[in-house]
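Accompanying notes for the structure given below.
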Amino acid sequence: MQHRIVVLGAGYTGAVAAGRLARRLHRADVTITLVNPEPDFVERVRLHQLAVGQELRPRPFGEVFAGTGVTLKLARVTGVDVDRRTVTVTPAGTAPAGGPEVLEYDTLVYALGSTWNDGGVPGAAAHAHEVSSRPGALRLRERLAALGAGRPVVVVGGGLTGLEAATEIAEARPDLRVTLATPRVLGDWLSEKGRTHLRKVTDKLGITVHEHTTVTAVTADGVTTAEGTTLPSDATVWTTGFAVHPLARATTLHTTDHGQITVDASMRSHSHPDVYAIGDAAHALGPGGKPLRMSCASGVPMAWQAADAIAARLTGTTVPSMTIRYFQQCVSLGRSEGLIQFVTADDRARDSVLTGRLAARYKELICKGAAWGVAHPTAGLPTRRRRLAPSPAPAARSGAARAEASA
């Protein structure tokens, strides 16, 4: 009987994990089902570009996984029962109409990722736009296209997403009045050189920056700050953080208070050894015992580690160990400007930065490399499809098994 592997979510992490598993395991021994609501890959790190009218290259999963042995199921995940080892899905997109379907698995890779987080701020969900999903970016695109010259746009949040959204909008639409509201100092996590360059770019683009400003309410025509000030806005872009998919918290999986699945160094669930979590959905520790941040820079290595660990355990070989560390934070500041902040292994800013057009090209290469890795799942490392061990025992629900997973 074939070992059933189900991968939930086909963002950077889920797609990479599925492709790597297909490269590691013999097709006669396993089935790999990738569940995703959209038929093609979404370059999430480029959604701010989509929002200002740029076209992104389509990457249909039908072409990406052709001949790999990975089966794409176009569906939305509506339930996970980790004790019965089942996933409930409903058809999505162009999939045939029908009711819920139950998928059984032997190994589950949970990569449902994250979405925007309105933080419960009144009016944010109803009136603000987000750029964490393709539908959200397209809605913002439509809204921006309808705005005439001189109309105000407010980007709420001064993290990487907020910086990229504000600068992209300001560069593409210099006729708009773009404001960035951040509760802290602009770029406070950057080095002094990084902050200086960031301020230079925002000034050049005509972006009005409100530091130490917390938005407490959003309306159709503006935002209200904690000080009671109203900032007019015809399009409010909300980028204050991300929230993970709520399904994990509804299961018996061990999760953090924020709903991330706690995992060991191989990305294996602490509570359920047949479940692996990767990307934004997982709470994994990096150098210095610090949680890995939600990012492509964390998610792709997590996918590599999970896929290799699954393959090793199924084939009876040694589980590889890798240290997931950071090297830089890459920020696009429009199409012609960028900022590469080099960091320590645990993601603290160094003094060294790369700026200007060279940094923009550097970031572009990083984005292209990440997308290429998804689009070519069997390229890169040598393909070594190993046969499963004679009788791999399913991960037990015993205390011993759970203790082994936590080790």
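Labeling convention for the structure tokens: chains A, B, ... as they appear, residues from 1 per chain, ligands from 1 in order of appearance.
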
Exercise for the section: Among the residues of range 157-366 of chain A, find those DSSP assigns to strand (DSSP E) from the backbone and print them as a count of residues only. Expected result: 52

Exercise for the section: Determine which residues of range 68-163 of chain A receive a DSSP assignment of alpha helix (DSSP H), computed from the backbone, and state them as a PyMOL selection string. Expected result: chain A and resi 124-127+134-145+160-163

Output C-alpha atoms of each residue in that selection to a file, as a JSON list (two decimals), in the first residue's frame.
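Everything below was put into result.json:
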[["chain", "number", "residue", "atom", "x", "y", "z"],
["A", 124, "ALA", "CA", -10.25, 47.91, 9.20],
["A", 125, "ALA", "CA", -11.88, 44.75, 7.86],
["A", 126, "ALA", "CA", -14.64, 46.71, 6.14],
["A", 127, "HIS", "CA", -12.69, 49.63, 4.69],
["A", 134, "ARG", "CA", -3.86, 38.05, -4.87],
["A", 135, "PRO", "CA", -7.57, 38.91, -4.57],
["A", 136, "GLY", "CA", -6.67, 41.63, -2.07],
["A", 137, "ALA", "CA", -3.95, 43.06, -4.30],
["A", 138, "LEU", "CA", -6.32, 43.08, -7.27],
["A", 139, "ARG", "CA", -9.00, 44.93, -5.27],
["A", 140, "LEU", "CA", -6.43, 47.53, -4.26],
["A", 141, "ARG", "CA", -5.30, 47.77, -7.87],
["A", 142, "GLU", "CA", -8.83, 48.55, -8.98],
["A", 143, "ARG", "CA", -9.22, 51.14, -6.25],
["A", 144, "LEU", "CA", -5.94, 52.91, -7.00],
["A", 145, "ALA", "CA", -6.73, 53.01, -10.72],
["A", 160, "LEU", "CA", 8.67, 45.32, 5.33],
["A", 161, "THR", "CA", 5.24, 44.96, 3.71],
["A", 162, "GLY", "CA", 4.25, 48.52, 4.56],
["A", 163, "LEU", "CA", 7.52, 49.96, 3.26]]

Would you give me, as a Markdown table, each residue of range 292-382 of chain A having an atom within 6 Å of an atom of range 264-282 of chain A, along with its shortest atom pair and that distance in Å to one decimal, using only C-alpha atoms and sorting by chain and residue number?
| residue | atom | partner | partner_atom | distance |
| --- | --- | --- | --- | --- |
| A:Met294 | CA | A:Asp280 | CA | 4.9 |
| A:Gly299 | CA | A:Gly279 | CA | 4.0 |
| A:Met302 | CA | A:Ile278 | CA | 5.6 |
| A:Ala303 | CA | A:Ile278 | CA | 5.9 |
| A:Gln305 | CA | A:Ser266 | CA | 5.9 |
| A:Ala306 | CA | A:Met267 | CA | 5.4 |

Exercise for the section: Please provide as a list of chain:residue names all residues within 6 Å of range 53-68 of chain A, with the sequence filter that same-chain residues fewer than 5 positions apart are discarded (counting only C-alpha atoms). Expected result: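 Once the adjacent positions are removed, what remains is A:Pro39, A:Asp40, A:Phe41, A:Ala375.
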
Handout entry: Contact residues around range 175-190 of chain A with only C-alpha atoms at 8 Å, ignoring same-chain residues under 2 positions, as a ChimeraX atom specification
Key = /A:148-159,162,166,169-170,173,192-195,198-199,206-215,341,348-349

Problem - Distance query Asp118 in chain A at most 9 Å, only C-alpha atoms, self and fewer than 3 positions along chain excluded, as number ranges by chain - result: A: 121-125, 128, 238-243

Create the file for the chosen residues now, containing C-alpha atoms and written as a compact mmCIF listing (two decimals), in the first residue's frame.
# COMPACT_ATOMS: atom_id res chain seq x y z
CA VAL A 121 -9.31 47.68 14.77
CA PRO A 122 -12.81 49.08 14.10
CA GLY A 123 -13.47 49.53 10.41
CA ALA A 124 -10.25 47.91 9.20
CA ALA A 125 -11.88 44.75 7.86
CA ALA A 128 -8.98 48.79 4.47
CA TRP A 238 -3.39 47.70 6.11
CA THR A 239 0.03 46.09 6.71
CA THR A 240 0.37 45.84 10.49
CA GLY A 241 1.08 42.12 10.63
CA PHE A 242 -0.08 38.64 9.72
CA ALA A 243 -2.42 36.08 11.24

Practice task
Point out the residue among A:Leu285, A:Leu50, A:Val319, A:Val87 with the least atom-to-atom distance to Leu247 in chain A, counting only C-alpha atoms.
Solution key: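 Answer, going by the shortest atom-to-atom distance: A:Val87.
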
Exercise for the section: Check the smallest atom-to-atom distance from each of A:Thr90, A:Gln328, A:Thr378, A:Thr315 to Ser298 in chain A using only C-alpha atoms, then report the winner. Expected result: A:Gln328

Practice task
Would you mind reading off the distance between CA of Glu43 in chain A and CA of Val70 in chain A, one decimal, in Å?
Solution key: 20.1 Å

Handout entry: Shell of 8 Å around Arg249 in chain A, only C-alpha atoms, local chain residues under 3 positions omitted, as number ranges by chain
Key = A: 246, 252-253, 255, 259-260
